[in-house]
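Novice: Could you have a look at this structure, given as structure tokens, before my questions?
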Amino acid sequence: MKRKSKLTIAMAAAVLAVLVATAVYAQDKYSLKSPGGIAFSDFRGYEDWAVVSSARTDEILKVIVANPAMIKAFKSGIPGNGQPFPEGSMIAKLQWKLKKSTEAPFVVEVPDVYSQAFLMEKDNKRFAKSGGWGYAVFNYEAASDKFTPDSKSLSDCGYACHTPVKAKDYIFHPYQKR
């Protein structure tokens, strides 16, 4: 009986060790920060945010989602009514590479490999120099299943890129009619 008990304890310890090692090894994307100081953790739950719009380039499908504060602002008429988005508004542009569907009976491209999360956060105090918006890009590497902050995201896009839509509080995509 003692031998069976020791074996059970040893097996339980081994299983626990594997679980702990897996948890330690797995990346927590929410521990990442961009070079500009945007924390991925500020966007926790973005996977369930409402869709604002979508966009497509030749290679990338972009789905734009926003947190409840920003969706409420869009529904109230912002930015078309000339008002800025409220503090705490957040938007995420989720990007996938495209592929042709092999299942649809018609020609259609569908999301393939997830590639990037472009994030924007409204905080007039922290981001006073950029119209009140902070910008961050987190690249996703499918092979390693990991995100990394884009080291050039400060110059890649952001405030300078968004100045053509200053009158719309720096937001390109309108909330699409449903």
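Ligands are numbered from 1 in the order shown, residues from 1 within each chain, and chains are lettered A, B, ... in the order they appear in the structure tokens.
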Find the residues around region 69-76 of chain A up to 10 Å (only C-alpha atoms counted), leave out those fewer than 6 positions away in its own chain, and share them as number ranges by chain.

Specialist: A: 49-52, 83-91, 122, 174-177

Novice: Taking 2 positions as the minimum chain separation for residues in the same chain, which residues sit within 12 Å of Asp145 (chain A) when counting only C-alpha atoms? Answer as an MDAnalysis selection string.

Specialist: chainID A and resid 25:29 113:116 139:143 147:148

Novice: I need the chosen residues saved as an mmCIF file, in the first residue's frame, with N, CA and C atoms.

Specialist:
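Output file selection.cif follows:
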```cif
data_model
loop_
_atom_site.group_PDB
_atom_site.id
_atom_site.type_symbol
_atom_site.label_atom_id
_atom_site.label_comp_id
_atom_site.auth_asym_id
_atom_site.auth_seq_id
_atom_site.Cartn_x
_atom_site.Cartn_y
_atom_site.Cartn_z
ATOM 1 N N TYR A 25 6.292 28.545 -19.644
ATOM 2 C CA TYR A 25 6.779 28.649 -21.007
ATOM 3 C C TYR A 25 5.821 29.440 -21.895
ATOM 4 N N ALA A 26 4.513 29.255 -21.696
ATOM 5 C CA ALA A 26 3.526 29.922 -22.540
ATOM 6 C C ALA A 26 3.630 31.434 -22.366
ATOM 7 N N GLN A 27 3.591 32.136 -23.469
ATOM 8 C CA GLN A 27 3.696 33.581 -23.418
ATOM 9 C C GLN A 27 2.387 34.188 -22.948
ATOM 10 N N ASP A 28 2.491 35.146 -22.072
ATOM 11 C CA ASP A 28 1.335 35.937 -21.690
ATOM 12 C C ASP A 28 1.418 37.247 -22.459
ATOM 13 N N LYS A 29 0.646 37.349 -23.534
ATOM 14 C CA LYS A 29 0.714 38.551 -24.365
ATOM 15 C C LYS A 29 0.398 39.798 -23.557
ATOM 16 N N VAL A 113 -3.298 33.443 -41.822
ATOM 17 C CA VAL A 113 -2.412 33.546 -40.672
ATOM 18 C C VAL A 113 -2.583 34.916 -40.011
ATOM 19 N N TYR A 114 -2.843 34.914 -38.720
ATOM 20 C CA TYR A 114 -2.923 36.160 -37.963
ATOM 21 C C TYR A 114 -1.546 36.798 -37.976
ATOM 22 N N SER A 115 -1.467 38.133 -38.158
ATOM 23 C CA SER A 115 -0.152 38.748 -38.286
ATOM 24 C C SER A 115 0.123 39.909 -37.342
ATOM 25 N N GLN A 116 -0.907 40.654 -36.924
ATOM 26 C CA GLN A 116 -0.603 41.868 -36.189
ATOM 27 C C GLN A 116 -1.830 42.419 -35.472
ATOM 28 N N ASN A 139 3.360 42.509 -33.272
ATOM 29 C CA ASN A 139 3.439 41.530 -34.358
ATOM 30 C C ASN A 139 3.227 40.135 -33.790
ATOM 31 N N TYR A 140 2.581 39.304 -34.585
ATOM 32 C CA TYR A 140 2.338 37.918 -34.176
ATOM 33 C C TYR A 140 3.117 36.991 -35.090
ATOM 34 N N GLU A 141 3.831 36.058 -34.498
ATOM 35 C CA GLU A 141 4.590 35.053 -35.235
ATOM 36 C C GLU A 141 3.897 33.708 -35.031
ATOM 37 N N ALA A 142 3.259 33.219 -36.068
ATOM 38 C CA ALA A 142 2.481 31.983 -35.966
ATOM 39 C C ALA A 142 3.340 30.783 -35.586
ATOM 40 N N ALA A 143 4.553 30.708 -36.119
ATOM 41 C CA ALA A 143 5.415 29.549 -35.856
ATOM 42 C C ALA A 143 5.716 29.386 -34.371
ATOM 43 N N PHE A 147 3.547 36.980 -29.566
ATOM 44 C CA PHE A 147 3.490 38.380 -29.965
ATOM 45 C C PHE A 147 4.791 39.053 -29.557
ATOM 46 N N THR A 148 5.197 40.071 -30.315
ATOM 47 C CA THR A 148 6.331 40.914 -29.933
ATOM 48 C C THR A 148 5.963 42.364 -30.239
#
```

Novice: With only C-alpha atoms as the basis for distance, which of A:Gln95, A:Ser41, A:Ser144, A:Thr102 is at the shortest distance from Ile64 (chain A)?

Specialist: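 Looking at the shortest contact to Ile64 (chain A), the residue is A:Gln95.
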
Novice: What does the distance between CA of Ser54 (chain A) and CA of Ile78 (chain A) come to in Å, to one decimal place?

Specialist: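 So the answer is 18.2 Å.
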
Novice: List every residue of chain A that DSSP, applied to the backbone, labels as strand (DSSP E), and write the result as a ChimeraX atom specification.

Specialist: /A:50-56,60-66,90-100,109-122,133-141,146-149

Novice: Applying 10 Å and only C-alpha atoms, which residues near Ser151 (chain A) remain after dropping the ones on its own chain fewer than 5 positions away? List them as a list in words.

Specialist: Ser34, Pro35, Gly36, Ala136, Val137, Phe138, Asn139 and Asp156 of chain A

Novice: Compile the contact shell of Asp58 (chain A) as a count of residues only: residues with an atom at most 12 Å away, counting only C-alpha atoms, same-chain residues fewer than 6 positions apart removed.

Specialist: 5

Novice: Quick one: distance from CA of Gly45 (chain A) to CA of Cys161 (chain A) in Å, one decimal?

Specialist: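 Computing it gives 26.2 Å between the two atoms.
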
Novice: Smallest atom-to-atom distance to Lys168 (chain A): which of A:Pro149, A:Pro68, A:Gly77, A:Gly37, using only C-alpha atoms?

Specialist: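 Under the stated criterion, the closest residue is A:Gly77.
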